[in-house]
file run_19.txt (compact mmCIF, C-alpha atoms and all ligand atoms)
# COMPACT_ATOMS: atom_id res chain seq x y z
CA MET A 1 -38.17 -166.40 13.90
CA THR A 2 -37.77 -169.87 15.36
CA ILE A 3 -36.46 -172.66 13.29
CA VAL A 4 -38.00 -176.02 14.01
CA PRO A 5 -35.58 -178.59 12.68
CA SER A 6 -37.17 -181.50 10.89
CA GLY A 7 -36.61 -184.89 12.44
CA SER A 8 -34.34 -185.24 15.42
CA PRO A 9 -32.92 -182.34 17.47
CA GLN A 10 -29.51 -183.05 15.93
CA ALA A 11 -30.95 -181.69 12.68
CA LEU A 12 -30.09 -178.21 13.98
CA THR A 13 -26.71 -177.91 12.28
CA PRO A 14 -24.40 -174.89 12.28
CA ALA A 15 -25.97 -173.91 8.97
CA THR A 16 -29.47 -173.59 10.36
CA ALA A 17 -28.09 -171.71 13.36
CA TYR A 18 -26.22 -169.36 11.04
CA PHE A 19 -29.23 -168.88 8.87
CA ARG A 20 -31.55 -168.30 11.79
CA ASP A 21 -29.57 -165.13 12.47
CA ALA A 22 -29.59 -163.97 8.85
CA LEU A 23 -33.26 -164.83 8.30
CA PRO A 24 -34.99 -161.86 9.93
CA LYS A 25 -33.12 -159.49 7.61
CA ARG A 26 -34.34 -160.76 4.26
CA PRO A 27 -35.35 -163.92 2.38
CA LEU A 28 -32.72 -166.01 0.60
CA ARG A 29 -32.71 -164.80 -3.01
CA LEU A 30 -32.57 -167.77 -5.38
CA GLY A 31 -31.83 -166.80 -9.00
CA GLY A 32 -32.54 -168.80 -12.13
CA ARG A 33 -33.85 -168.58 -15.67
CA THR A 34 -37.28 -167.19 -16.56
CA SER A 35 -38.58 -170.39 -18.23
CA HIS A 36 -41.34 -172.62 -16.85
CA LEU A 37 -38.76 -175.37 -16.43
CA ALA A 38 -36.37 -173.19 -14.42
CA ARG A 39 -39.26 -172.04 -12.20
CA ALA A 40 -40.40 -175.64 -11.69
CA TYR A 41 -36.87 -176.68 -10.68
CA ALA A 42 -36.55 -173.67 -8.37
CA ARG A 43 -39.86 -174.66 -6.75
CA ARG A 44 -38.40 -178.12 -6.10
CA VAL A 45 -35.31 -176.57 -4.49
CA ILE A 46 -37.43 -174.21 -2.36
CA ASP A 47 -39.81 -176.99 -1.26
CA THR A 48 -36.91 -179.23 -0.28
CA LEU A 49 -35.15 -176.43 1.59
CA THR A 50 -38.25 -175.42 3.51
CA SER A 51 -39.00 -179.03 4.41
CA VAL A 52 -35.55 -179.23 6.02
CA VAL A 53 -35.65 -175.73 7.51
CA PRO A 54 -39.32 -174.88 8.14
CA GLY A 55 -39.91 -171.15 8.18
CA LEU A 56 -37.03 -170.43 5.83
CA ARG A 57 -38.01 -167.66 3.44
CA VAL A 58 -36.80 -168.00 -0.15
CA GLU A 59 -37.60 -165.62 -2.99
CA TYR A 60 -37.18 -166.54 -6.67
CA VAL A 61 -35.34 -164.00 -8.83
CA PRO A 62 -35.94 -164.76 -12.55
CA ILE A 63 -33.04 -163.71 -14.80
CA THR A 64 -33.04 -163.50 -18.63
CA THR A 65 -29.85 -165.07 -20.05
CA SER A 66 -28.09 -164.49 -23.41
CA ALA A 67 -29.30 -167.91 -24.54
CA ASP A 68 -32.91 -166.85 -23.90
CA ARG A 69 -32.43 -163.66 -25.93
CA TYR A 70 -30.62 -165.31 -28.86
CA LYS A 71 -33.05 -167.11 -31.15
CA GLY A 72 -30.51 -168.59 -33.57
CA ASP A 73 -28.34 -171.67 -33.47
CA LEU A 74 -26.56 -171.66 -30.11
CA SER A 75 -23.56 -173.53 -31.51
CA GLU A 76 -22.86 -170.41 -33.61
CA LEU A 77 -22.37 -168.43 -30.41
CA GLY A 78 -19.97 -171.07 -29.12
CA GLY A 79 -22.50 -172.68 -26.81
CA LYS A 80 -20.29 -172.00 -23.83
CA GLY A 81 -22.37 -171.42 -20.75
CA LEU A 82 -24.82 -169.01 -22.32
CA PHE A 83 -27.56 -170.20 -20.00
CA MET A 84 -25.41 -169.14 -17.06
CA LYS A 85 -23.52 -165.91 -17.77
CA GLU A 86 -25.98 -163.37 -16.38
CA ILE A 87 -26.90 -165.63 -13.47
CA ASP A 88 -23.24 -166.13 -12.52
CA LYS A 89 -22.76 -162.37 -12.62
CA ALA A 90 -25.77 -161.71 -10.37
CA LEU A 91 -24.40 -164.27 -7.93
CA MET A 92 -20.88 -162.82 -7.98
CA VAL A 93 -22.03 -159.24 -7.36
CA GLY A 94 -24.43 -160.34 -4.63
CA GLU A 95 -27.76 -159.57 -6.32
CA ILE A 96 -28.75 -163.15 -5.51
CA ASP A 97 -27.55 -165.54 -2.78
CA ALA A 98 -27.88 -168.81 -4.72
CA ALA A 99 -28.65 -169.95 -8.26
CA VAL A 100 -30.44 -172.95 -9.71
CA HIS A 101 -29.05 -174.60 -12.86
CA CYS A 102 -29.76 -177.67 -14.96
CA MET A 103 -26.40 -179.47 -14.78
CA LYS A 104 -26.87 -180.47 -18.41
CA ASP A 105 -26.49 -176.81 -19.41
CA VAL A 106 -23.31 -176.24 -17.36
CA PRO A 107 -20.35 -176.35 -19.78
CA GLY A 108 -17.40 -178.65 -19.23
CA ASP A 109 -14.88 -176.81 -21.38
CA VAL A 110 -14.58 -173.58 -19.37
CA PRO A 111 -13.83 -173.40 -15.65
CA LEU A 112 -16.68 -172.39 -13.34
CA PRO A 113 -16.37 -168.77 -12.21
CA LYS A 114 -13.91 -168.39 -9.37
CA GLY A 115 -15.48 -168.26 -5.96
CA LEU A 116 -18.69 -170.11 -6.92
CA VAL A 117 -19.51 -173.65 -5.83
CA PHE A 118 -22.30 -176.18 -6.42
CA ALA A 119 -23.26 -176.75 -2.81
CA ALA A 120 -26.27 -178.96 -3.58
CA TYR A 121 -27.42 -181.38 -6.23
CA MET A 122 -31.01 -182.51 -6.11
CA GLN A 123 -31.76 -186.20 -6.52
CA ARG A 124 -31.61 -187.06 -10.19
CA ASP A 125 -34.80 -187.17 -12.26
CA ASP A 126 -35.55 -189.66 -14.99
CA VAL A 127 -32.93 -189.18 -17.74
CA HIS A 128 -34.71 -190.73 -20.72
CA ASP A 129 -35.57 -188.73 -23.79
CA ALA A 130 -39.17 -188.76 -24.93
CA VAL A 131 -40.96 -188.30 -28.23
CA VAL A 132 -43.94 -185.97 -28.63
CA PHE A 133 -46.15 -185.87 -31.72
CA PRO A 134 -48.39 -183.00 -32.83
CA GLU A 135 -51.96 -183.22 -31.59
CA GLY A 136 -53.94 -185.56 -33.86
CA SER A 137 -50.84 -187.19 -35.41
CA LYS A 138 -51.34 -190.71 -36.74
CA TYR A 139 -47.91 -191.72 -35.42
CA SER A 140 -46.94 -192.67 -31.91
CA SER A 141 -43.34 -193.91 -32.19
CA ILE A 142 -40.12 -193.16 -34.07
CA GLU A 143 -40.24 -196.66 -35.62
CA GLU A 144 -43.56 -195.91 -37.35
CA LEU A 145 -42.38 -192.70 -39.00
CA PRO A 146 -41.95 -192.87 -42.80
CA THR A 147 -38.65 -192.11 -44.55
CA GLY A 148 -37.98 -188.36 -44.63
CA ALA A 149 -40.20 -187.60 -41.63
CA ARG A 150 -39.12 -184.38 -39.87
CA ILE A 151 -37.93 -184.56 -36.26
CA GLY A 152 -37.30 -181.38 -34.30
CA THR A 153 -34.39 -181.04 -31.88
CA SER A 154 -31.51 -178.61 -31.42
CA ALA A 155 -29.26 -180.93 -29.48
CA VAL A 156 -26.41 -182.30 -31.61
CA ARG A 157 -26.34 -185.28 -29.24
CA ARG A 158 -29.98 -186.13 -30.03
CA LYS A 159 -29.56 -185.48 -33.74
CA ALA A 160 -26.55 -187.81 -34.00
CA GLN A 161 -28.29 -190.61 -32.11
CA LEU A 162 -31.54 -190.23 -34.05
CA LEU A 163 -29.59 -190.49 -37.31
CA ARG A 164 -27.63 -193.47 -36.03
CA TRP A 165 -30.97 -195.16 -35.33
CA ARG A 166 -32.87 -193.93 -38.39
CA PRO A 167 -30.50 -192.37 -40.98
CA ASP A 168 -33.51 -191.82 -43.27
CA LEU A 169 -35.12 -189.24 -40.97
CA ASN A 170 -34.86 -185.52 -41.53
CA VAL A 171 -33.66 -183.97 -38.26
CA GLN A 172 -34.34 -180.24 -38.06
CA ARG A 173 -33.22 -177.53 -35.66
CA PHE A 174 -36.05 -176.66 -33.28
CA ARG A 175 -35.22 -174.46 -30.32
CA GLY A 176 -37.13 -172.83 -27.52
CA ASN A 177 -38.41 -173.42 -24.04
CA VAL A 178 -40.46 -176.56 -23.49
CA ILE A 179 -44.00 -175.10 -23.46
CA PRO A 180 -43.56 -172.75 -26.46
CA ARG A 181 -41.93 -175.66 -28.31
CA LEU A 182 -45.02 -177.81 -27.81
CA THR A 183 -47.30 -174.96 -28.90
CA ARG A 184 -45.25 -174.53 -32.09
CA LEU A 185 -45.36 -178.29 -32.70
CA ASP A 186 -49.17 -178.30 -32.61
CA GLU A 187 -49.78 -175.02 -34.42
CA ASP A 188 -47.08 -174.69 -37.07
CA ARG A 189 -46.69 -178.33 -38.08
CA GLU A 190 -43.06 -177.66 -39.07
CA VAL A 191 -42.03 -181.09 -37.85
CA ASP A 192 -43.66 -184.50 -37.41
CA ALA A 193 -42.25 -185.12 -33.92
CA LEU A 194 -40.11 -183.57 -31.20
CA VAL A 195 -37.56 -185.22 -28.94
CA LEU A 196 -37.29 -183.70 -25.46
CA ALA A 197 -36.23 -184.72 -21.97
CA ARG A 198 -38.89 -186.80 -20.21
CA GLY A 199 -37.96 -185.25 -16.84
CA GLY A 200 -38.26 -181.72 -18.23
CA LEU A 201 -41.70 -182.48 -19.71
CA ALA A 202 -42.86 -183.95 -16.42
CA ALA A 203 -41.52 -180.98 -14.46
CA VAL A 204 -43.72 -178.55 -16.42
CA GLY A 205 -46.76 -180.86 -16.24
CA MET A 206 -46.61 -181.98 -19.89
CA ASP A 207 -45.90 -185.69 -19.41
CA HIS A 208 -49.35 -186.52 -20.84
CA ARG A 209 -47.96 -185.43 -24.23
CA ILE A 210 -45.32 -188.18 -24.26
CA SER A 211 -46.01 -190.92 -26.82
CA GLN A 212 -42.72 -192.79 -26.57
CA VAL A 213 -39.97 -193.02 -24.02
CA VAL A 214 -36.75 -193.76 -25.89
CA ALA A 215 -34.59 -196.60 -24.53
CA MET A 216 -31.16 -195.60 -23.21
CA GLU A 217 -29.51 -197.92 -25.76
CA LYS A 218 -31.00 -195.80 -28.55
CA MET A 219 -30.50 -192.42 -26.88
CA CYS A 220 -27.76 -192.06 -24.29
CA PRO A 221 -28.50 -189.00 -22.13
CA ALA A 222 -26.49 -185.79 -21.89
CA ILE A 223 -23.92 -185.45 -19.12
CA GLY A 224 -25.78 -184.09 -16.10
CA ALA A 225 -29.24 -184.81 -17.56
CA GLY A 226 -32.03 -184.63 -15.00
CA VAL A 227 -29.89 -183.07 -12.29
CA VAL A 228 -30.63 -179.68 -10.77
CA GLY A 229 -27.65 -178.01 -9.10
CA VAL A 230 -27.70 -175.15 -6.62
CA GLN A 231 -24.74 -172.81 -6.71
CA CYS A 232 -23.62 -170.17 -4.22
CA ARG A 233 -20.55 -168.14 -3.25
CA LYS A 234 -17.90 -170.32 -1.64
CA ALA A 235 -17.20 -167.63 0.95
CA ASP A 236 -20.82 -167.66 2.19
CA GLU A 237 -20.20 -170.52 4.59
CA GLY A 238 -23.65 -170.35 6.16
CA ILE A 239 -25.37 -170.63 2.77
CA VAL A 240 -22.99 -173.38 1.67
CA GLU A 241 -23.90 -175.37 4.80
CA LEU A 242 -27.59 -174.64 4.40
CA LEU A 243 -27.54 -175.92 0.80
CA GLN A 244 -25.47 -178.96 1.79
CA MET A 245 -28.46 -180.05 3.88
CA ILE A 246 -30.39 -180.79 0.68
CA ASP A 247 -27.46 -182.27 -1.24
CA HIS A 248 -28.10 -185.79 -2.58
CA ALA A 249 -24.80 -187.64 -2.05
CA GLU A 250 -25.33 -190.36 -4.64
CA THR A 251 -26.25 -187.83 -7.32
CA ARG A 252 -23.13 -185.81 -6.43
CA THR A 253 -20.98 -188.91 -7.01
CA HIS A 254 -22.63 -189.53 -10.39
CA ILE A 255 -22.18 -185.90 -11.43
CA LEU A 256 -18.50 -186.02 -10.41
CA ALA A 257 -17.85 -189.06 -12.61
CA GLU A 258 -19.81 -187.69 -15.59
CA ARG A 259 -18.38 -184.18 -15.43
CA THR A 260 -14.81 -185.40 -14.99
CA MET A 261 -15.30 -187.28 -18.25
CA LEU A 262 -16.82 -184.17 -19.89
CA HIS A 263 -13.93 -181.97 -18.72
CA ALA A 264 -11.39 -184.39 -20.11
CA LEU A 265 -13.24 -184.46 -23.44
CA GLN A 266 -13.58 -180.62 -23.36
CA GLY A 267 -17.28 -180.84 -24.03
CA HIS A 268 -20.25 -178.60 -23.41
CA CYS A 269 -24.03 -179.05 -23.61
CA ASN A 270 -24.01 -178.66 -27.37
CA SER A 271 -21.22 -181.17 -28.02
CA PRO A 272 -22.14 -184.55 -29.50
CA ILE A 273 -21.18 -186.23 -26.22
CA ALA A 274 -23.41 -188.46 -24.11
CA GLY A 275 -22.85 -190.25 -20.86
CA HIS A 276 -24.50 -191.73 -17.86
CA CYS A 277 -23.31 -192.78 -14.42
CA HIS A 278 -25.39 -194.88 -12.06
CA THR A 279 -24.92 -197.14 -9.05
CA THR A 280 -25.42 -200.83 -9.83
CA GLN A 281 -27.29 -203.23 -7.55
CA ASP A 282 -24.02 -204.45 -6.04
CA GLY A 283 -23.00 -200.88 -5.19
CA GLN A 284 -20.49 -200.29 -8.00
CA LEU A 285 -20.37 -197.11 -10.06
CA SER A 286 -21.06 -197.68 -13.74
CA LEU A 287 -20.14 -195.01 -16.27
CA ILE A 288 -21.00 -195.07 -19.97
CA GLY A 289 -19.50 -192.50 -22.30
CA MET A 290 -20.20 -191.90 -25.99
CA VAL A 291 -19.15 -189.37 -28.62
CA PHE A 292 -20.64 -189.04 -32.08
CA SER A 293 -20.04 -187.46 -35.43
CA ARG A 294 -22.77 -184.99 -36.31
CA ASP A 295 -24.41 -187.38 -38.79
CA GLY A 296 -24.32 -190.24 -36.29
CA ALA A 297 -22.36 -192.44 -38.71
CA THR A 298 -19.23 -192.53 -36.52
CA PHE A 299 -19.13 -192.95 -32.77
CA ALA A 300 -17.00 -194.17 -29.90
CA TYR A 301 -18.32 -196.00 -26.85
CA ALA A 302 -16.81 -196.87 -23.47
CA HIS A 303 -18.27 -198.50 -20.36
CA GLU A 304 -16.30 -198.98 -17.14
CA TRP A 305 -16.99 -199.71 -13.46
CA ASP A 306 -15.32 -198.69 -10.22
CA THR A 307 -16.07 -198.25 -6.52
CA PRO A 308 -18.09 -195.16 -5.44
CA ASP A 309 -15.01 -193.53 -3.82
CA HIS A 310 -13.35 -193.55 -7.26
CA ALA A 311 -15.86 -191.41 -9.18
CA HIS A 312 -13.15 -189.02 -10.37
CA GLU A 313 -10.84 -191.81 -11.50
CA LEU A 314 -13.73 -193.53 -13.29
CA GLY A 315 -14.58 -190.33 -15.22
CA ALA A 316 -10.94 -189.86 -16.23
CA TYR A 317 -10.63 -193.52 -17.23
CA VAL A 318 -13.72 -193.52 -19.46
CA ALA A 319 -12.53 -190.27 -21.10
CA ALA A 320 -9.10 -191.82 -21.70
CA THR A 321 -10.70 -194.90 -23.24
CA LEU A 322 -12.81 -192.69 -25.53
CA THR A 323 -9.74 -190.62 -26.44
CA ARG A 324 -7.92 -193.81 -27.41
CA LYS A 325 -10.90 -194.53 -29.66
CA ASN A 326 -10.37 -191.17 -31.45
CA ALA A 327 -13.01 -189.22 -29.51
CA ARG A 328 -11.27 -185.91 -30.18
CA SER A 329 -11.29 -186.17 -33.95
CA ILE A 330 -14.83 -187.56 -33.94
CA ILE A 331 -15.99 -184.50 -31.94
CA ALA A 332 -13.76 -182.01 -33.80
CA GLY A 333 -14.98 -183.20 -37.18
CA THR A 334 -18.48 -182.29 -36.15
CA ARG A 335 -17.89 -178.67 -35.17
CA LEU A 336 -19.15 -177.01 -38.30
CA HIS A 337 -19.11 -173.53 -36.82
CA GLN A 338 -15.80 -173.67 -35.05
CA ARG A 339 -14.11 -170.29 -34.86
CA PRO A 340 -10.55 -169.78 -36.10
N1 LIG B 401 -31.23 -177.48 -22.82
C1 LIG B 401 -32.45 -177.15 -22.14
C2 LIG B 401 -32.79 -178.11 -21.06
N2 LIG B 401 -32.03 -178.19 -19.94
C3 LIG B 401 -32.52 -179.20 -19.16
C4 LIG B 401 -33.60 -179.77 -19.81
C5 LIG B 401 -34.43 -180.90 -19.34
C6 LIG B 401 -34.17 -181.50 -18.02
C7 LIG B 401 -32.79 -182.06 -17.78
O1 LIG B 401 -32.37 -183.03 -18.45
O2 LIG B 401 -32.12 -181.54 -16.87
C8 LIG B 401 -33.81 -179.08 -21.00
C9 LIG B 401 -34.88 -179.32 -21.98
C10 LIG B 401 -34.76 -180.55 -22.83
O3 LIG B 401 -33.65 -181.05 -23.04
O4 LIG B 401 -35.78 -181.03 -23.34

call {"tool": "encode", "arguments": {"input": "run_19.txt", "output": "structure tokens", "more": "lines below"}}
Ligand SMILES: NCc1[nH]cc(CCC(=O)O)c1CC(=O)O
result
Amino acid sequence: MTIVPSGSPQALTPATAYFRDALPKRPLRLGGRTSHLARAYARRVIDTLTSVVPGLRVEYVPITTSADRYKGDLSELGGKGLFMKEIDKALMVGEIDAAVHCMKDVPGDVPLPKGLVFAAYMQRDDVHDAVVFPEGSKYSSIEELPTGARIGTSAVRRKAQLLRWRPDLNVQRFRGNVIPRLTRLDEDREVDALVLARGGLAAVGMDHRISQVVAMEKMCPAIGAGVVGVQCRKADEGIVELLQMIDHAETRTHILAERTMLHALQGHCNSPIAGHCHTTQDGQLSLIGMVFSRDGATFAYAHEWDTPDHAHELGAYVAATLTRKNARSIIAGTRLHQRP
């Protein structure tokens, strides 16, 4: 098979040369979850890879994770990387060559498995949260909802911020993959509205269901929101280099700042922690960090800036500022199901 590099001849890097030799043997096996969202994100990874390396064959390997099997409250299981365990294992034993993950679901309180590396981050999607109402609902925004209205979400981060905004709302646990969640919203009428990620809804073709996009000031995103990461074995140098070809450098810097903060706060995707890093118009890195009590009544906020080569320092600094503002006890006080 011939590889026609996109763009200039210099585009033929060692990675494409390496992969040209491995290609005839079998397609690259990309593992990920079975959900519509995971498949949509994998499609994005595959399309980007094949636009850089035309002729590259990639096969998607869907994997059911513990979090997909468990229908209860994930915080009761500890919430630590349950969307990843089986995928990590498949990658470590060589059943797959690479894995696609939503960075939001990658925990910050346990180290990544030894020998695995995120070799590519795709350019970040929109990070706003969005509100969806059941079909035929007379409401179209959170502001219009009457006292006691039921909002469905399983994210403690969303619950805390909704209650901070509207303490009179009744926030209920509502789990599941995006499409089944929307079906339940319309059919069962258990809740009056759902809050979901705008980018996730758009990725599965459901953006027409969005009635309200929530401002960042009302709903600070999760660490890693809207970022798809591609992981592989560190020792597979050819695959590492191949994936690096689709790495989005600015997104990598933002993820480094956000996840450094998350590590320092010992948080995971079900912690009441929010944060967002972006590059300002004058080229500075801006990082916002927030932690909440579960009822949203107590929170700590920090916002700092630094140069793009100081993403790590910025993450550590914002975490330290939050810690000085009692972040640990605010978070700890909210862990209702903490194990002894
Ligand atoms: N926890 C599930 C999950 N992981 C990533 C996304 C959405 C896309 C993203 O922010 O990466 C979602 C669904 C949601 O929060 O509505």

call {"tool": "residues_around", "arguments": {"input": "run_19.txt", "residues": "Ala98 in chain A", "least_positions_apart": "5", "cutoff": "8 Å", "atoms": "only C-alpha atoms", "output": "PyMOL selection string"}}
result
chain A and resi 28-31+91+230-233

call {"tool": "residues_around", "arguments": {"input": "run_19.txt", "residues": "range 169-182 of chain A", "least_positions_apart": "2", "cutoff": "6 Å", "atoms": "only C-alpha atoms", "output": "list in words"}}
result
Thr147, Gly148, Ala149, Arg150, Ile151, Gly152, Thr153, Ser154, Arg166, Pro167, Arg184 and Leu185 of chain A

call {"tool": "residues_near_ligand", "arguments": {"input": "run_19.txt", "ligand": "ligand LIG 401 (chain B)", "cutoff": "6 Å", "atoms": "only C-alpha atoms and all ligand atoms", "output": "compact mmCIF listing (two decimals) with C-alpha atoms, in the coordinates of the input"}}
result
# COMPACT_ATOMS: atom_id res chain seq x y z
CA CYS A 102 -29.76 -177.67 -14.96
CA LYS A 104 -26.87 -180.47 -18.41
CA ASP A 105 -26.49 -176.81 -19.41
CA LEU A 196 -37.29 -183.70 -25.46
CA ALA A 197 -36.23 -184.72 -21.97
CA GLY A 199 -37.96 -185.25 -16.84
CA GLY A 200 -38.26 -181.72 -18.23
CA ALA A 225 -29.24 -184.81 -17.56
CA GLY A 226 -32.03 -184.63 -15.00
CA VAL A 227 -29.89 -183.07 -12.29

call {"tool": "atom_distance", "arguments": {"input": "run_19.txt", "atom1": "CA of His278 in chain A", "atom2": "CA of His263 in chain A"}}
result
18.5 Å

call {"tool": "closest_residue", "arguments": {"input": "run_19.txt", "among": "A:Glu217, A:Asp309, A:Asp97, A:Glu237", "to": "Ile288 in chain A", "atoms": "all atoms listed in the file"}}
result
A:Glu217

call {"tool": "residues_around", "arguments": {"input": "run_19.txt", "residues": "Ser140 in chain A", "least_positions_apart": "4", "cutoff": "10 Å", "atoms": "all atoms listed in the file", "output": "ChimeraX atom specification"}}
result
/A:131-134,144-145,193,210-212

call {"tool": "atom_distance", "arguments": {"input": "run_19.txt", "atom1": "CA of Arg252 in chain A", "atom2": "CA of Ala160 in chain A"}}
result
27.9 Å

call {"tool": "atom_distance", "arguments": {"input": "run_19.txt", "atom1": "CA of Thr34 in chain A", "atom2": "CA of Asp47 in chain A"}}
result
18.3 Å

call {"tool": "closest_atom_pairs", "arguments": {"input": "run_19.txt", "of": "range 68-130 of chain A", "to": "range 240-248 of chain A", "cutoff": "7 Å", "atoms": "only C-alpha atoms", "output": "Markdown table"}}
result
| residue | atom | partner | partner_atom | distance |
| --- | --- | --- | --- | --- |
| A:Ala119 | CA | A:Gln244 | CA | 5.6 |
| A:Ala120 | CA | A:Asp247 | CA | 4.2 |
| A:Tyr121 | CA | A:Asp247 | CA | 5.1 |
| A:Met122 | CA | A:His248 | CA | 5.6 |
| A:Gln123 | CA | A:His248 | CA | 5.4 |

call {"tool": "closest_residue", "arguments": {"input": "run_19.txt", "among": "A:Ser35, A:Gln266, A:Ser66, A:Thr253", "to": "Ala319 in chain A", "atoms": "only C-alpha atoms"}}
result
A:Gln266

call {"tool": "build_atoms", "arguments": {"input": "run_19.txt", "residues": "range 315-322 of chain A", "atoms": "all heavy atoms", "output": "PDB file, keeping the file's coordinate frame"}}
result
ATOM      1  N   GLY A 315     -14.326-191.318 -14.160  1.00  0.00           N
ATOM      2  CA  GLY A 315     -14.580-190.330 -15.220  1.00  0.00           C
ATOM      3  C   GLY A 315     -13.363-190.152 -16.105  1.00  0.00           C
ATOM      4  O   GLY A 315     -13.468-190.123 -17.341  1.00  0.00           O
ATOM      5  N   ALA A 316     -12.182-190.053 -15.471  1.00  0.00           N
ATOM      6  CA  ALA A 316     -10.940-189.860 -16.230  1.00  0.00           C
ATOM      7  C   ALA A 316     -10.641-191.093 -17.078  1.00  0.00           C
ATOM      8  O   ALA A 316     -10.188-190.984 -18.218  1.00  0.00           O
ATOM      9  CB  ALA A 316      -9.791-189.576 -15.263  1.00  0.00           C
ATOM     10  N   TYR A 317     -10.930-192.272 -16.529  1.00  0.00           N
ATOM     11  CA  TYR A 317     -10.630-193.520 -17.230  1.00  0.00           C
ATOM     12  C   TYR A 317     -11.513-193.694 -18.472  1.00  0.00           C
ATOM     13  O   TYR A 317     -11.035-194.055 -19.556  1.00  0.00           O
ATOM     14  CB  TYR A 317     -10.792-194.696 -16.260  1.00  0.00           C
ATOM     15  CG  TYR A 317     -10.323-196.008 -16.825  1.00  0.00           C
ATOM     16  CD1 TYR A 317      -9.053-196.122 -17.388  1.00  0.00           C
ATOM     17  CD2 TYR A 317     -11.149-197.123 -16.806  1.00  0.00           C
ATOM     18  CE1 TYR A 317      -8.623-197.335 -17.921  1.00  0.00           C
ATOM     19  CE2 TYR A 317     -10.725-198.334 -17.332  1.00  0.00           C
ATOM     20  CZ  TYR A 317      -9.456-198.431 -17.889  1.00  0.00           C
ATOM     21  OH  TYR A 317      -9.047-199.626 -18.415  1.00  0.00           O
ATOM     22  N   VAL A 318     -12.812-193.398 -18.312  1.00  0.00           N
ATOM     23  CA  VAL A 318     -13.720-193.520 -19.460  1.00  0.00           C
ATOM     24  C   VAL A 318     -13.332-192.502 -20.539  1.00  0.00           C
ATOM     25  O   VAL A 318     -13.309-192.824 -21.732  1.00  0.00           O
ATOM     26  CB  VAL A 318     -15.202-193.390 -19.041  1.00  0.00           C
ATOM     27  CG1 VAL A 318     -16.121-193.345 -20.257  1.00  0.00           C
ATOM     28  CG2 VAL A 318     -15.596-194.552 -18.135  1.00  0.00           C
ATOM     29  N   ALA A 319     -12.970-191.288 -20.120  1.00  0.00           N
ATOM     30  CA  ALA A 319     -12.530-190.270 -21.100  1.00  0.00           C
ATOM     31  C   ALA A 319     -11.280-190.742 -21.819  1.00  0.00           C
ATOM     32  O   ALA A 319     -11.159-190.580 -23.041  1.00  0.00           O
ATOM     33  CB  ALA A 319     -12.278-188.941 -20.395  1.00  0.00           C
ATOM     34  N   ALA A 320     -10.348-191.349 -21.074  1.00  0.00           N
ATOM     35  CA  ALA A 320      -9.100-191.820 -21.700  1.00  0.00           C
ATOM     36  C   ALA A 320      -9.397-192.945 -22.694  1.00  0.00           C
ATOM     37  O   ALA A 320      -8.819-192.994 -23.779  1.00  0.00           O
ATOM     38  CB  ALA A 320      -8.134-192.303 -20.620  1.00  0.00           C
ATOM     39  N   THR A 321     -10.322-193.823 -22.325  1.00  0.00           N
ATOM     40  CA  THR A 321     -10.700-194.900 -23.240  1.00  0.00           C
ATOM     41  C   THR A 321     -11.313-194.331 -24.523  1.00  0.00           C
ATOM     42  O   THR A 321     -10.984-194.756 -25.628  1.00  0.00           O
ATOM     43  CB  THR A 321     -11.707-195.857 -22.548  1.00  0.00           C
ATOM     44  OG1 THR A 321     -11.150-196.252 -21.295  1.00  0.00           O
ATOM     45  CG2 THR A 321     -11.992-197.084 -23.371  1.00  0.00           C
ATOM     46  N   LEU A 322     -12.186-193.317 -24.352  1.00  0.00           N
ATOM     47  CA  LEU A 322     -12.810-192.690 -25.530  1.00  0.00           C
ATOM     48  C   LEU A 322     -11.752-191.991 -26.383  1.00  0.00           C
ATOM     49  O   LEU A 322     -11.808-192.032 -27.614  1.00  0.00           O
ATOM     50  CB  LEU A 322     -13.901-191.697 -25.100  1.00  0.00           C
ATOM     51  CG  LEU A 322     -15.179-192.324 -24.539  1.00  0.00           C
ATOM     52  CD1 LEU A 322     -16.087-191.250 -23.941  1.00  0.00           C
ATOM     53  CD2 LEU A 322     -15.929-193.093 -25.638  1.00  0.00           C
TER      54      LEU A 322
END
